[in-house]
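J.: Following this line is entry20.cif, made up of mmCIF, C-alpha atoms:
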```cif
data_input
loop_
_atom_site.label_atom_id
_atom_site.label_comp_id
_atom_site.auth_asym_id
_atom_site.auth_seq_id
_atom_site.Cartn_x
_atom_site.Cartn_y
_atom_site.Cartn_z
CA MET A 1314 18.40 -5.70 34.18
CA ASN A 1315 21.27 -7.60 35.79
CA HIS A 1316 24.68 -6.76 34.26
CA GLY A 1317 26.75 -8.24 37.10
CA LEU A 1318 27.21 -4.80 38.71
CA TRP A 1319 26.18 -3.80 42.24
CA ARG A 1320 25.55 -0.26 43.46
CA SER A 1321 23.92 0.91 46.65
CA VAL A 1322 20.75 2.96 46.71
CA ARG A 1323 22.58 5.92 48.28
CA THR A 1324 25.22 5.94 45.52
CA THR A 1325 22.50 5.81 42.88
CA GLN A 1326 20.71 8.75 44.50
CA ARG A 1327 23.93 10.83 44.57
CA CYS A 1328 24.52 10.10 40.85
CA LEU A 1329 20.98 11.17 39.97
CA LYS A 1330 21.36 14.38 41.98
CA ARG A 1331 24.71 15.15 40.36
CA GLN A 1332 23.14 14.75 36.89
CA LYS A 1333 20.08 16.75 37.98
CA LEU A 1334 17.79 13.83 37.22
CA GLN A 1335 14.62 13.10 39.10
CA GLY A 1336 11.47 11.03 38.76
CA ARG A 1337 8.29 12.45 37.32
CA GLY A 1338 6.55 12.42 40.65
CA ASP A 1339 2.79 12.39 41.22
CA GLU A 1340 0.18 14.03 39.03
CA ALA A 1341 -0.66 17.64 39.81
CA CYS A 1342 -3.65 18.59 41.94
CA ILE A 1343 -6.90 18.10 40.04
CA GLU A 1344 -8.14 21.60 40.99
CA GLU A 1345 -5.05 23.19 39.43
CA ILE A 1346 -5.48 21.09 36.30
CA ILE A 1347 -9.14 22.11 35.91
CA LYS A 1348 -8.30 25.82 36.38
CA ALA A 1349 -5.52 25.57 33.77
CA VAL A 1350 -7.78 23.77 31.28
CA LEU A 1351 -10.51 26.42 31.74
CA ARG A 1352 -7.95 29.18 31.22
CA GLU A 1353 -6.72 27.58 27.99
CA LEU A 1354 -10.25 26.92 26.66
CA GLU A 1355 -11.19 30.53 27.27
CA GLY A 1356 -8.08 31.78 25.51
CA HIS A 1357 -6.43 31.04 22.16
CA CYS A 1358 -6.54 27.26 22.69
CA ARG A 1359 -10.31 26.98 22.41
CA ASN A 1360 -10.02 25.46 18.92
CA LEU A 1361 -7.13 23.11 19.71
CA GLY A 1362 -7.39 19.40 20.31
CA VAL A 1363 -6.78 17.52 23.54
CA GLY A 1364 -3.16 16.77 22.61
CA GLN A 1365 -2.30 20.43 22.12
CA ILE A 1366 -4.02 21.45 25.35
CA TRP A 1367 -2.11 18.72 27.20
CA LYS A 1368 1.19 20.10 25.84
CA GLN A 1369 0.20 23.61 26.88
CA LEU A 1370 -0.43 22.44 30.46
CA ARG A 1371 3.00 20.81 30.60
CA ASN A 1372 5.02 23.53 28.87
CA GLU A 1373 3.25 26.75 29.89
CA HIS A 1374 1.81 25.83 33.29
CA GLY A 1375 4.41 23.28 34.37
CA LEU A 1376 1.76 20.77 35.40
CA LEU A 1377 2.41 17.04 35.42
CA VAL A 1378 -0.79 15.55 34.03
CA LYS A 1379 -1.88 12.54 32.00
CA ARG A 1380 -3.38 13.00 28.57
CA GLN A 1381 -6.42 10.92 29.55
CA THR A 1382 -7.05 13.22 32.49
CA VAL A 1383 -7.12 16.25 30.19
CA ARG A 1384 -9.44 14.40 27.79
CA ASP A 1385 -11.88 13.56 30.60
CA ILE A 1386 -11.88 17.14 31.93
CA VAL A 1387 -12.51 18.64 28.48
CA ARG A 1388 -15.34 16.16 27.89
CA ILE A 1389 -17.02 17.16 31.19
CA ILE A 1390 -16.49 20.92 30.80
CA ASP A 1391 -17.51 21.20 27.14
CA PRO A 1392 -19.35 18.06 25.92
CA GLN A 1393 -20.51 19.76 22.71
CA ARG A 1394 -16.94 20.60 21.74
CA SER A 1395 -15.84 17.00 22.40
CA ALA A 1396 -18.71 15.64 20.29
CA LYS A 1397 -17.75 18.01 17.46
CA MET A 1398 -14.12 16.84 17.63
CA ARG A 1399 -15.17 13.17 17.50
CA LYS A 1400 -17.45 13.87 14.55
CA GLY A 1401 -14.55 15.28 12.54
CA ARG A 1402 -12.40 12.19 12.96
CA LEU A 1403 -11.55 10.05 9.95
CA HIS A 1404 -13.76 6.96 9.80
CA ARG A 1405 -12.16 4.28 7.65
CA ARG A 1406 -14.43 2.27 5.42
CA ALA A 1407 -14.31 -1.51 5.47
CA TYR A 1408 -12.93 -3.19 2.35
CA THR A 1409 -15.37 -5.94 1.32
CA VAL A 1410 -15.03 -8.34 -1.63
CA LYS A 1411 -17.12 -11.43 -2.32
CA GLY A 1412 -14.37 -13.76 -3.53
CA PRO A 1413 -11.35 -14.30 -5.81
CA ASN A 1414 -11.49 -12.64 -9.23
CA TYR A 1415 -14.30 -10.37 -8.13
CA ILE A 1416 -12.00 -7.39 -8.66
CA TRP A 1417 -8.46 -6.94 -9.96
CA HIS A 1418 -6.50 -3.85 -9.00
CA VAL A 1419 -4.24 -2.68 -11.85
CA ASP A 1420 -1.59 0.04 -11.61
CA GLY A 1421 1.90 1.06 -12.70
CA ASN A 1422 4.95 1.91 -10.63
CA ASP A 1423 7.31 4.69 -11.76
CA LYS A 1424 9.95 4.60 -9.00
CA LEU A 1425 12.59 3.33 -11.45
CA LYS A 1426 11.18 5.12 -14.49
CA PRO A 1427 13.91 7.82 -14.46
CA TYR A 1428 16.37 5.00 -15.20
CA GLY A 1429 14.25 3.37 -17.91
CA PHE A 1430 12.52 0.61 -15.91
CA CYS A 1431 8.72 0.86 -15.89
CA ILE A 1432 6.73 -1.62 -13.83
CA SER A 1433 3.13 -2.75 -14.25
CA GLY A 1434 1.19 -5.07 -11.97
CA ALA A 1435 -2.19 -6.37 -10.89
CA ILE A 1436 -3.41 -7.93 -7.65
CA ASP A 1437 -6.57 -9.80 -6.70
CA GLY A 1438 -8.58 -7.82 -4.17
CA TRP A 1439 -9.92 -10.77 -2.16
CA SER A 1440 -6.92 -13.08 -1.86
CA ARG A 1441 -4.18 -10.42 -2.31
CA LYS A 1442 -2.49 -12.68 -4.87
CA VAL A 1443 -0.26 -10.89 -7.38
CA ILE A 1444 -1.85 -11.64 -10.76
CA TRP A 1445 0.95 -10.28 -12.91
CA LEU A 1446 4.09 -8.22 -12.38
CA GLN A 1447 6.10 -7.00 -15.37
CA VAL A 1448 8.90 -4.55 -16.04
CA ASP A 1449 9.72 -3.05 -19.43
CA LYS A 1450 10.94 0.10 -21.12
CA THR A 1451 7.49 1.62 -20.78
CA ASN A 1452 4.26 1.14 -18.86
CA LYS A 1453 2.33 3.76 -20.84
CA ASN A 1454 1.76 1.72 -23.99
CA PRO A 1455 -1.91 0.58 -23.89
CA ASN A 1456 -1.19 -2.31 -26.24
CA LEU A 1457 1.55 -3.67 -23.98
CA ILE A 1458 -0.51 -3.33 -20.78
CA CYS A 1459 -3.49 -4.92 -22.49
CA THR A 1460 -1.23 -7.78 -23.61
CA TYR A 1461 -0.38 -8.49 -19.96
CA PHE A 1462 -4.10 -8.63 -19.20
CA LEU A 1463 -4.87 -10.91 -22.16
CA GLN A 1464 -2.07 -13.32 -21.32
CA THR A 1465 -3.26 -13.57 -17.72
CA VAL A 1466 -6.88 -14.14 -18.76
CA GLU A 1467 -5.79 -16.81 -21.22
CA HIS A 1468 -3.65 -18.53 -18.58
CA LEU A 1469 -6.40 -18.53 -15.92
CA GLY A 1470 -9.27 -19.21 -18.31
CA ILE A 1471 -11.47 -16.66 -16.53
CA VAL A 1472 -12.09 -12.92 -16.63
CA PRO A 1473 -12.62 -10.87 -13.45
CA ARG A 1474 -15.98 -9.33 -12.73
CA ASN A 1475 -14.41 -5.91 -12.14
CA VAL A 1476 -11.15 -4.16 -12.89
CA ARG A 1477 -10.05 -1.19 -10.76
CA MET A 1478 -7.52 1.25 -12.27
CA ASP A 1479 -6.86 4.93 -12.92
CA LYS A 1480 -7.88 6.85 -16.04
CA GLY A 1481 -4.44 6.83 -17.65
CA THR A 1482 -4.20 6.29 -21.40
CA GLU A 1483 -2.25 3.07 -20.77
CA ASN A 1484 -5.42 1.47 -19.35
CA VAL A 1485 -7.67 2.20 -22.35
CA GLY A 1486 -6.99 -1.20 -23.89
CA ILE A 1487 -7.80 -3.13 -20.70
CA ALA A 1488 -11.04 -1.17 -20.25
CA ASP A 1489 -12.19 -1.95 -23.82
CA VAL A 1490 -11.24 -5.62 -23.62
CA GLN A 1491 -12.84 -6.07 -20.19
CA MET A 1492 -16.12 -4.56 -21.37
CA LEU A 1493 -16.01 -6.76 -24.47
CA PHE A 1494 -15.40 -9.93 -22.44
CA ARG A 1495 -18.15 -9.07 -19.96
CA SER A 1496 -20.68 -8.33 -22.71
CA ALA A 1497 -20.99 -12.12 -23.15
CA HIS A 1498 -22.29 -12.50 -19.57
CA ASN A 1499 -25.62 -11.60 -18.00
CA ASP A 1500 -24.95 -10.70 -14.36
CA ASP A 1501 -25.77 -7.34 -12.78
CA LEU A 1502 -22.21 -5.98 -13.10
CA VAL A 1503 -21.88 -6.29 -16.87
CA GLY A 1504 -22.26 -2.58 -17.53
CA THR A 1505 -20.05 -1.47 -14.61
CA SER A 1506 -17.20 -3.97 -14.83
CA VAL A 1507 -14.54 -1.24 -15.12
CA MET A 1508 -13.95 1.05 -12.13
CA PHE A 1509 -11.89 4.22 -12.53
CA GLY A 1510 -10.41 6.25 -9.72
CA SER A 1511 -7.27 7.99 -8.55
CA SER A 1512 -4.18 5.84 -8.28
CA ASN A 1513 -3.52 6.64 -4.61
CA HIS A 1514 -7.00 5.33 -3.69
CA ASN A 1515 -6.31 1.99 -5.38
CA GLN A 1516 -5.43 0.60 -1.96
CA ARG A 1517 -4.73 -3.07 -2.69
CA ILE A 1518 -2.09 -2.46 -5.37
CA GLU A 1519 -0.72 0.56 -3.48
CA ARG A 1520 -0.10 -1.69 -0.47
CA TRP A 1521 1.80 -4.08 -2.72
CA TRP A 1522 3.90 -1.25 -4.16
CA GLY A 1523 4.90 -0.31 -0.62
CA TYR A 1524 6.09 -3.86 0.03
CA CYS A 1525 7.79 -3.97 -3.36
CA ARG A 1526 9.74 -0.79 -2.72
CA ASN A 1527 10.92 -1.87 0.72
CA SER A 1528 11.95 -5.35 -0.42
CA ILE A 1529 13.59 -4.67 -3.79
CA LEU A 1530 13.05 -1.31 -5.54
CA GLN A 1531 14.81 0.84 -2.93
CA CYS A 1532 17.97 -1.24 -3.36
CA TYR A 1533 18.06 -0.61 -7.12
CA MET A 1534 17.19 3.06 -6.61
CA ASP A 1535 20.23 3.42 -4.34
CA ILE A 1536 22.50 1.55 -6.78
CA PHE A 1537 21.49 3.66 -9.77
CA LYS A 1538 21.71 6.87 -7.73
CA ASP A 1539 25.23 6.01 -6.56
CA LEU A 1540 26.29 5.26 -10.15
CA GLU A 1541 24.89 8.61 -11.22
CA LEU A 1542 26.51 10.60 -8.39
CA SER A 1543 29.87 8.96 -8.98
CA GLY A 1544 29.80 10.01 -12.64
CA ILE A 1545 29.83 6.45 -13.96
CA LEU A 1546 26.25 6.75 -15.20
CA GLN A 1547 25.13 9.77 -17.22
CA MET A 1548 21.40 9.71 -17.86
CA ALA A 1549 21.71 12.29 -20.63
CA ASN A 1550 23.84 9.81 -22.56
CA VAL A 1551 21.63 7.46 -24.60
CA LEU A 1552 24.38 4.83 -24.74
CA HIS A 1553 24.58 4.77 -20.93
CA THR A 1554 20.83 4.39 -20.47
CA GLU A 1555 20.60 1.58 -23.04
CA CYS A 1556 23.54 -0.24 -21.44
CA LEU A 1557 21.88 0.13 -18.04
CA LYS A 1558 18.67 -1.44 -19.32
CA PHE A 1559 20.61 -4.18 -21.10
CA CYS A 1560 22.48 -5.10 -17.91
CA PHE A 1561 19.67 -4.83 -15.37
CA MET A 1562 16.38 -5.50 -17.20
CA ARG A 1563 16.45 -9.30 -16.93
CA ILE A 1564 17.90 -9.20 -13.41
CA LEU A 1565 15.17 -6.86 -12.21
CA ARG A 1566 12.49 -8.93 -13.94
CA LYS A 1567 13.69 -12.09 -12.22
CA GLU A 1568 13.84 -10.32 -8.85
CA LEU A 1569 10.29 -9.02 -9.21
CA VAL A 1570 8.91 -12.44 -10.14
CA THR A 1571 10.78 -14.01 -7.20
CA HIS A 1572 9.39 -11.51 -4.69
CA ALA A 1573 5.89 -11.83 -6.15
CA CYS A 1574 6.07 -15.61 -5.69
CA ILE A 1575 7.29 -15.14 -2.11
CA TRP A 1576 4.37 -12.78 -1.47
CA ASN A 1577 1.88 -15.23 -2.98
CA LYS A 1578 3.13 -18.00 -0.70
CA HIS A 1579 3.37 -16.05 2.55
CA ARG A 1580 0.58 -15.93 5.13
CA VAL A 1581 -1.44 -12.72 5.15
CA ARG A 1582 -2.13 -11.49 8.66
CA SER A 1583 -5.47 -10.19 9.85
CA MET A 1584 -6.01 -6.48 9.25
CA LYS A 1585 -8.41 -3.84 10.49
CA HIS A 1586 -11.05 -2.35 8.21
CA THR A 1587 -11.29 -5.39 5.93
CA ASN A 1588 -13.62 -8.35 5.75
CA CYS A 1589 -11.28 -10.47 3.61
CA PRO A 1590 -10.00 -13.81 4.95
CA VAL A 1591 -6.59 -14.57 6.42
CA GLY A 1592 -4.31 -17.12 4.78
CA VAL A 1593 -1.87 -17.78 1.96
CA PRO A 1594 -2.80 -15.81 -1.20
CA ASP A 1595 -2.12 -18.70 -3.58
CA PHE A 1596 -4.25 -21.11 -1.56
CA MET A 1597 -7.06 -18.61 -1.03
CA PHE A 1598 -7.11 -17.74 -4.73
CA ASN A 1599 -7.35 -21.39 -5.84
CA HIS A 1600 -9.49 -22.79 -2.99
CA PRO A 1601 -12.00 -20.15 -1.85
CA GLU A 1602 -14.40 -22.87 -0.66
CA TYR A 1603 -12.24 -23.32 2.45
CA PHE A 1604 -12.98 -19.71 3.37
CA ASP A 1605 -16.77 -19.80 2.88
CA SER A 1606 -16.53 -18.17 -0.53
CA GLN A 1607 -16.57 -19.17 -4.18
CA GLN A 1608 -14.94 -18.27 -7.46
CA GLN A 1609 -16.30 -14.95 -8.76
CA GLY A 1610 -14.60 -14.92 -12.17
CA LYS A 1611 -16.49 -15.50 -15.38
CA PRO A 1612 -15.56 -17.89 -18.22
CA VAL A 1613 -13.72 -16.47 -21.20
CA ASP A 1614 -15.18 -16.51 -24.68
CA LEU A 1615 -12.29 -18.01 -26.69
CA HIS A 1616 -13.45 -16.39 -29.92
CA ILE A 1617 -13.33 -12.92 -28.31
CA LEU A 1618 -9.96 -13.76 -26.74
CA MET A 1619 -8.40 -14.71 -30.08
CA LEU A 1620 -9.84 -11.57 -31.68
CA CYS A 1621 -8.39 -9.34 -28.96
CA LYS A 1622 -5.01 -11.03 -29.18
CA ASP A 1623 -4.90 -10.43 -32.93
CA VAL A 1624 -5.70 -6.76 -32.41
CA TYR A 1625 -3.47 -5.89 -29.44
CA MET A 1626 -0.60 -8.38 -29.31
CA LYS A 1627 0.41 -7.80 -32.93
CA ARG A 1628 0.98 -4.14 -32.08
CA VAL A 1629 3.60 -5.04 -29.47
CA ASN A 1630 7.03 -5.08 -31.08
CA LEU A 1631 9.33 -8.09 -30.93
CA ASP A 1632 11.67 -6.47 -28.39
CA GLN A 1633 8.79 -6.16 -25.93
CA LYS A 1634 7.39 -9.64 -26.54
CA ILE A 1635 10.57 -11.16 -25.07
CA TYR A 1636 9.52 -9.95 -21.63
CA LEU A 1637 5.92 -11.13 -21.54
CA ALA A 1638 6.37 -14.49 -19.77
CA SER A 1639 4.77 -14.03 -16.36
CA GLY A 1640 6.27 -16.80 -14.26
CA LEU A 1641 3.63 -16.26 -11.57
#
```
Can the structure from this file be put into structure tokens for me?

T.:
Amino acid sequence: MNHGLWRSVRTTQRCLKRQKLQGRGDEACIEEIIKAVLRELEGHCRNLGVGQIWKQLRNEHGLLVKRQTVRDIVRIIDPQRSAKMRKGRLHRRAYTVKGPNYIWHVDGNDKLKPYGFCISGAIDGWSRKVIWLQVDKTNKNPNLICTYFLQTVEHLGIVPRNVRMDKGTENVGIADVQMLFRSAHNDDLVGTSVMFGSSNHNQRIERWWGYCRNSILQCYMDIFKDLELSGILQMANVLHTECLKFCFMRILRKELVTHACIWNKHRVRSMKHTNCPVGVPDFMFNHPEYFDSQQQGKPVDLHILMLCKDVYMKRVNLDQKIYLASGL
């Protein structure tokens, strides 16, 4: 880099010597490296990986050696050990979905739950479009979560082939309604249209929660924590918690909808271990034909929809109904 300063080579060498700095130099003799690797493999390092052996050569033997050199030597000396190490590596599975509305990933987020803000969301597995994103006083009420699902199905006019979620009690309503909707169809996934699994393996929605925390939730977590540490906010005081929700509920809801819309309109980059297309989630969701795919959702039986709305939406109190408008 040129900073407008000039210094001779000799002056630079004297400064390096004064600071006891020197270059790495050339790699150690290959015979010494092989002897050191053999000594380590015969000793307590026989079960260690290449990285640990490489560190041992540098720290214990004082040898300057490249990691790739150690890897090649170990592979030649003990090929069975190398094959065993490769066999134990994690092999990621490829995420494959046929098209939009083939599977919806549903989950809740509890990062702001200690302060009374419970978030629920769903994302389309193929296009990565956020289907709904809501915040309320709870995300454990099955009637409320099912109401989100029913409103989205009514708005889109289709029901997904599959729904992926965890086995929490808040998802009981969605599971029942999904099975009821799909009973009117005759494809091969009718009986298995609800997929249960652990929340941390629900990778599509978990990826969205990571983005959501970095872009918005962490800011509110810091604000509420500062209020609590300064003594302004006392979570044991019911009046304080209700005032906090009164002041921030609508603001947080608007922020979440805004960031979801930004996400739906941004361009998704190509990723490893997935066979899904690259593009803008909104466009991919509405125009799958441009990506050699087609709509996978099934039409909604309006009679069943009205019946489900009468059963579930009437159980949601008026205070909660205020917050049901999606905006996505």

J.: Please identify all polymer residues within 10 Å of Lys1558 (chain A), counting all atoms listed in the file, omitting same-chain residues fewer than 5 positions from it, and present them as a short mmCIF file (atom, residue, chain, number, x, y, z; two decimals) with C-alpha atoms, keeping the file's coordinate frame.

T.:
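Printed below is around_17.cif as written:
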```cif
data_model
loop_
_atom_site.label_atom_id
_atom_site.label_comp_id
_atom_site.auth_asym_id
_atom_site.auth_seq_id
_atom_site.Cartn_x
_atom_site.Cartn_y
_atom_site.Cartn_z
CA TYR A 1428 16.37 5.00 -15.20
CA GLY A 1429 14.25 3.37 -17.91
CA PHE A 1430 12.52 0.61 -15.91
CA ASP A 1449 9.72 -3.05 -19.43
CA LYS A 1450 10.94 0.10 -21.12
CA HIS A 1553 24.58 4.77 -20.93
CA ARG A 1563 16.45 -9.30 -16.93
CA ILE A 1564 17.90 -9.20 -13.41
CA LEU A 1565 15.17 -6.86 -12.21
#
```

J.: Need the shell around Arg1580 (chain A): protein/DNA/RNA residues with any atom at most 12 Å away, counting only C-alpha atoms. Skip same-chain ones fewer than 3 positions apart. Format as an mmCIF file with C-alpha atoms, keeping the file's coordinate frame?

T.:
```cif
data_model
loop_
_atom_site.group_PDB
_atom_site.id
_atom_site.type_symbol
_atom_site.label_atom_id
_atom_site.label_comp_id
_atom_site.auth_asym_id
_atom_site.auth_seq_id
_atom_site.Cartn_x
_atom_site.Cartn_y
_atom_site.Cartn_z
ATOM 1 C CA SER A 1440 -6.920 -13.080 -1.860
ATOM 2 C CA ARG A 1441 -4.180 -10.420 -2.310
ATOM 3 C CA LYS A 1442 -2.490 -12.680 -4.870
ATOM 4 C CA ILE A 1575 7.290 -15.140 -2.110
ATOM 5 C CA TRP A 1576 4.370 -12.780 -1.470
ATOM 6 C CA ASN A 1577 1.880 -15.230 -2.980
ATOM 7 C CA SER A 1583 -5.470 -10.190 9.850
ATOM 8 C CA PRO A 1590 -10.000 -13.810 4.950
ATOM 9 C CA VAL A 1591 -6.590 -14.570 6.420
ATOM 10 C CA GLY A 1592 -4.310 -17.120 4.780
ATOM 11 C CA VAL A 1593 -1.870 -17.780 1.960
ATOM 12 C CA PRO A 1594 -2.800 -15.810 -1.200
ATOM 13 C CA ASP A 1595 -2.120 -18.700 -3.580
ATOM 14 C CA PHE A 1596 -4.250 -21.110 -1.560
ATOM 15 C CA MET A 1597 -7.060 -18.610 -1.030
#
```

J.: With all atoms listed in the file as the atoms that count, which of A:Asp1385, A:Asp1420, A:Glu1541, A:Glu1340 lies nearest to Ile1432 (chain A)?

T.: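 Comparing A:Asp1385, A:Asp1420, A:Glu1541, A:Glu1340 against Ile1432 (chain A), the winner is A:Asp1420.
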
J.: Could you tell me, as a count of residues only, exactly which residues end up selected when the PyMOL selection byres ((chain A and resi 1437) around 12) is applied to this structure?

T.: 42

J.: So that I can check the surroundings of Leu1351 (chain A), please list as a PyMOL selection string every protein, DNA and RNA residue that reaches within 12 Å of it, counting all atoms listed in the file and ignoring chain neighbours fewer than 3 positions away.

T.: chain A and resi 1344-1348+1354-1359+1366+1370+1383+1386-1391

J.: Could those selected residues go to a file with C-alpha atoms, as a tab-separated table (two decimals), keeping the file's coordinate frame?

T.:
```
chain	number	residue	atom	x	y	z
A	1344	GLU	CA	-8.14	21.60	40.99
A	1345	GLU	CA	-5.05	23.19	39.43
A	1346	ILE	CA	-5.48	21.09	36.30
A	1347	ILE	CA	-9.14	22.11	35.91
A	1348	LYS	CA	-8.30	25.82	36.38
A	1354	LEU	CA	-10.25	26.92	26.66
A	1355	GLU	CA	-11.19	30.53	27.27
A	1356	GLY	CA	-8.08	31.78	25.51
A	1357	HIS	CA	-6.43	31.04	22.16
A	1358	CYS	CA	-6.54	27.26	22.69
A	1359	ARG	CA	-10.31	26.98	22.41
A	1366	ILE	CA	-4.02	21.45	25.35
A	1370	LEU	CA	-0.43	22.44	30.46
A	1383	VAL	CA	-7.12	16.25	30.19
A	1386	ILE	CA	-11.88	17.14	31.93
A	1387	VAL	CA	-12.51	18.64	28.48
A	1388	ARG	CA	-15.34	16.16	27.89
A	1389	ILE	CA	-17.02	17.16	31.19
A	1390	ILE	CA	-16.49	20.92	30.80
A	1391	ASP	CA	-17.51	21.20	27.14
```

J.: With all atoms listed in the file as the atoms that count, which of A:Thr1505, A:Asn1372, A:Gln1447, A:Asn1454 lies nearest to Met1562 (chain A)?

T.: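 Closest candidate: A:Gln1447.
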
J.: Go ahead and compute the interatomic distance for CA of Thr1451 (chain A) and CA of Lys1538 (chain A), in Å to one decimal.

T.: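 Separation between CA of Thr1451 (chain A) and CA of Lys1538 (chain A): 20.0 Å.
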
J.: Hey, what's within 12 Å of Ile1487 (chain A) if we count all atoms listed in the file and toss same-chain stuff fewer than 5 positions away? As a PyMOL selection string, please?

T.: chain A and resi 1417-1420+1435+1454-1466+1472-1473+1475-1482+1492-1495+1506-1509+1621-1622+1625

J.: Would you save the residues from that selection as a PDB file, in the frame of the given file, using C-alpha atoms?

T.:
```
ATOM      1  CA  TRP A1417      -8.460  -6.940  -9.960  1.00  0.00           C
ATOM      2  CA  HIS A1418      -6.500  -3.850  -9.000  1.00  0.00           C
ATOM      3  CA  VAL A1419      -4.240  -2.680 -11.850  1.00  0.00           C
ATOM      4  CA  ASP A1420      -1.590   0.040 -11.610  1.00  0.00           C
ATOM      5  CA  ALA A1435      -2.190  -6.370 -10.890  1.00  0.00           C
ATOM      6  CA  ASN A1454       1.760   1.720 -23.990  1.00  0.00           C
ATOM      7  CA  PRO A1455      -1.910   0.580 -23.890  1.00  0.00           C
ATOM      8  CA  ASN A1456      -1.190  -2.310 -26.240  1.00  0.00           C
ATOM      9  CA  LEU A1457       1.550  -3.670 -23.980  1.00  0.00           C
ATOM     10  CA  ILE A1458      -0.510  -3.330 -20.780  1.00  0.00           C
ATOM     11  CA  CYS A1459      -3.490  -4.920 -22.490  1.00  0.00           C
ATOM     12  CA  THR A1460      -1.230  -7.780 -23.610  1.00  0.00           C
ATOM     13  CA  TYR A1461      -0.380  -8.490 -19.960  1.00  0.00           C
ATOM     14  CA  PHE A1462      -4.100  -8.630 -19.200  1.00  0.00           C
ATOM     15  CA  LEU A1463      -4.870 -10.910 -22.160  1.00  0.00           C
ATOM     16  CA  GLN A1464      -2.070 -13.320 -21.320  1.00  0.00           C
ATOM     17  CA  THR A1465      -3.260 -13.570 -17.720  1.00  0.00           C
ATOM     18  CA  VAL A1466      -6.880 -14.140 -18.760  1.00  0.00           C
ATOM     19  CA  VAL A1472     -12.090 -12.920 -16.630  1.00  0.00           C
ATOM     20  CA  PRO A1473     -12.620 -10.870 -13.450  1.00  0.00           C
ATOM     21  CA  ASN A1475     -14.410  -5.910 -12.140  1.00  0.00           C
ATOM     22  CA  VAL A1476     -11.150  -4.160 -12.890  1.00  0.00           C
ATOM     23  CA  ARG A1477     -10.050  -1.190 -10.760  1.00  0.00           C
ATOM     24  CA  MET A1478      -7.520   1.250 -12.270  1.00  0.00           C
ATOM     25  CA  ASP A1479      -6.860   4.930 -12.920  1.00  0.00           C
ATOM     26  CA  LYS A1480      -7.880   6.850 -16.040  1.00  0.00           C
ATOM     27  CA  GLY A1481      -4.440   6.830 -17.650  1.00  0.00           C
ATOM     28  CA  THR A1482      -4.200   6.290 -21.400  1.00  0.00           C
ATOM     29  CA  MET A1492     -16.120  -4.560 -21.370  1.00  0.00           C
ATOM     30  CA  LEU A1493     -16.010  -6.760 -24.470  1.00  0.00           C
ATOM     31  CA  PHE A1494     -15.400  -9.930 -22.440  1.00  0.00           C
ATOM     32  CA  ARG A1495     -18.150  -9.070 -19.960  1.00  0.00           C
ATOM     33  CA  SER A1506     -17.200  -3.970 -14.830  1.00  0.00           C
ATOM     34  CA  VAL A1507     -14.540  -1.240 -15.120  1.00  0.00           C
ATOM     35  CA  MET A1508     -13.950   1.050 -12.130  1.00  0.00           C
ATOM     36  CA  PHE A1509     -11.890   4.220 -12.530  1.00  0.00           C
ATOM     37  CA  CYS A1621      -8.390  -9.340 -28.960  1.00  0.00           C
ATOM     38  CA  LYS A1622      -5.010 -11.030 -29.180  1.00  0.00           C
ATOM     39  CA  TYR A1625      -3.470  -5.890 -29.440  1.00  0.00           C
TER      40      TYR A1625
END
```

J.: With 3 Å added on each side, what axis-aligned box encloses every listed atom of region 1393-1396 of chain A? Give the centre and edge lengths in Å to one decimal, as AutoDock Vina command-line options.

T.:
```
--center_x -18.2 --center_y 18.1 --center_z 21.5 --size_x 10.7 --size_y 11.0 --size_z 8.4
```

J.: What gap, in Å, lies between CA of Phe1604 (chain A) and CA of His1514 (chain A)?

T.: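 A separation of 26.7 Å between them.
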
J.: Just give me the gap between CA of Cys1525 (chain A) and CA of His1468 (chain A) in Å, one decimal is fine.

T.: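 Separation of CA of Cys1525 (chain A) and CA of His1468 (chain A): 24.0 Å.
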
J.: A:Arg1628, A:Arg1384, A:Lys1426, A:His1616: which is nearest Glu1467 (chain A), counting all atoms listed in the file?

T.: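 Closest candidate: A:His1616.
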
J.: Check the smallest atom-to-atom distance from each of A:Leu1615, A:Leu1446, A:Leu1540, A:Glu1602 to Ala1573 (chain A) using only C-alpha atoms, then report the winner.

T.: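 Smallest distance to Ala1573 (chain A) is found for A:Leu1446.
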
J.: Pick from A:Ile1536, A:Leu1618, A:Val1363, A:Val1581: nearest to Ala1497 (chain A), with only C-alpha atoms counted?

T.: A:Leu1618

J.: Assuming the chain letters and numbering stay as they are in my file, what does the PyMOL selection byres ((chain A and resi 1378) around 9) actually select? List them as a list in words.

T.: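 Output from the PyMOL selection byres ((chain A and resi 1378) around 9), applied to this file: Asp1339, Glu1340, Ala1341, Cys1342, Ile1343, Ile1346, Trp1367, Leu1370, Arg1371, Leu1376, Leu1377, Lys1379, Arg1380, Gln1381, Thr1382 and Val1383 of chain A.
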
J.: Rank nothing, just name the residue among A:Ala1396, A:Val1551, A:Leu1569, A:Leu1530 nearest to Val1448 (chain A), using all atoms listed in the file.

T.: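 For Val1448 (chain A), the nearest of the given residues is A:Leu1569.
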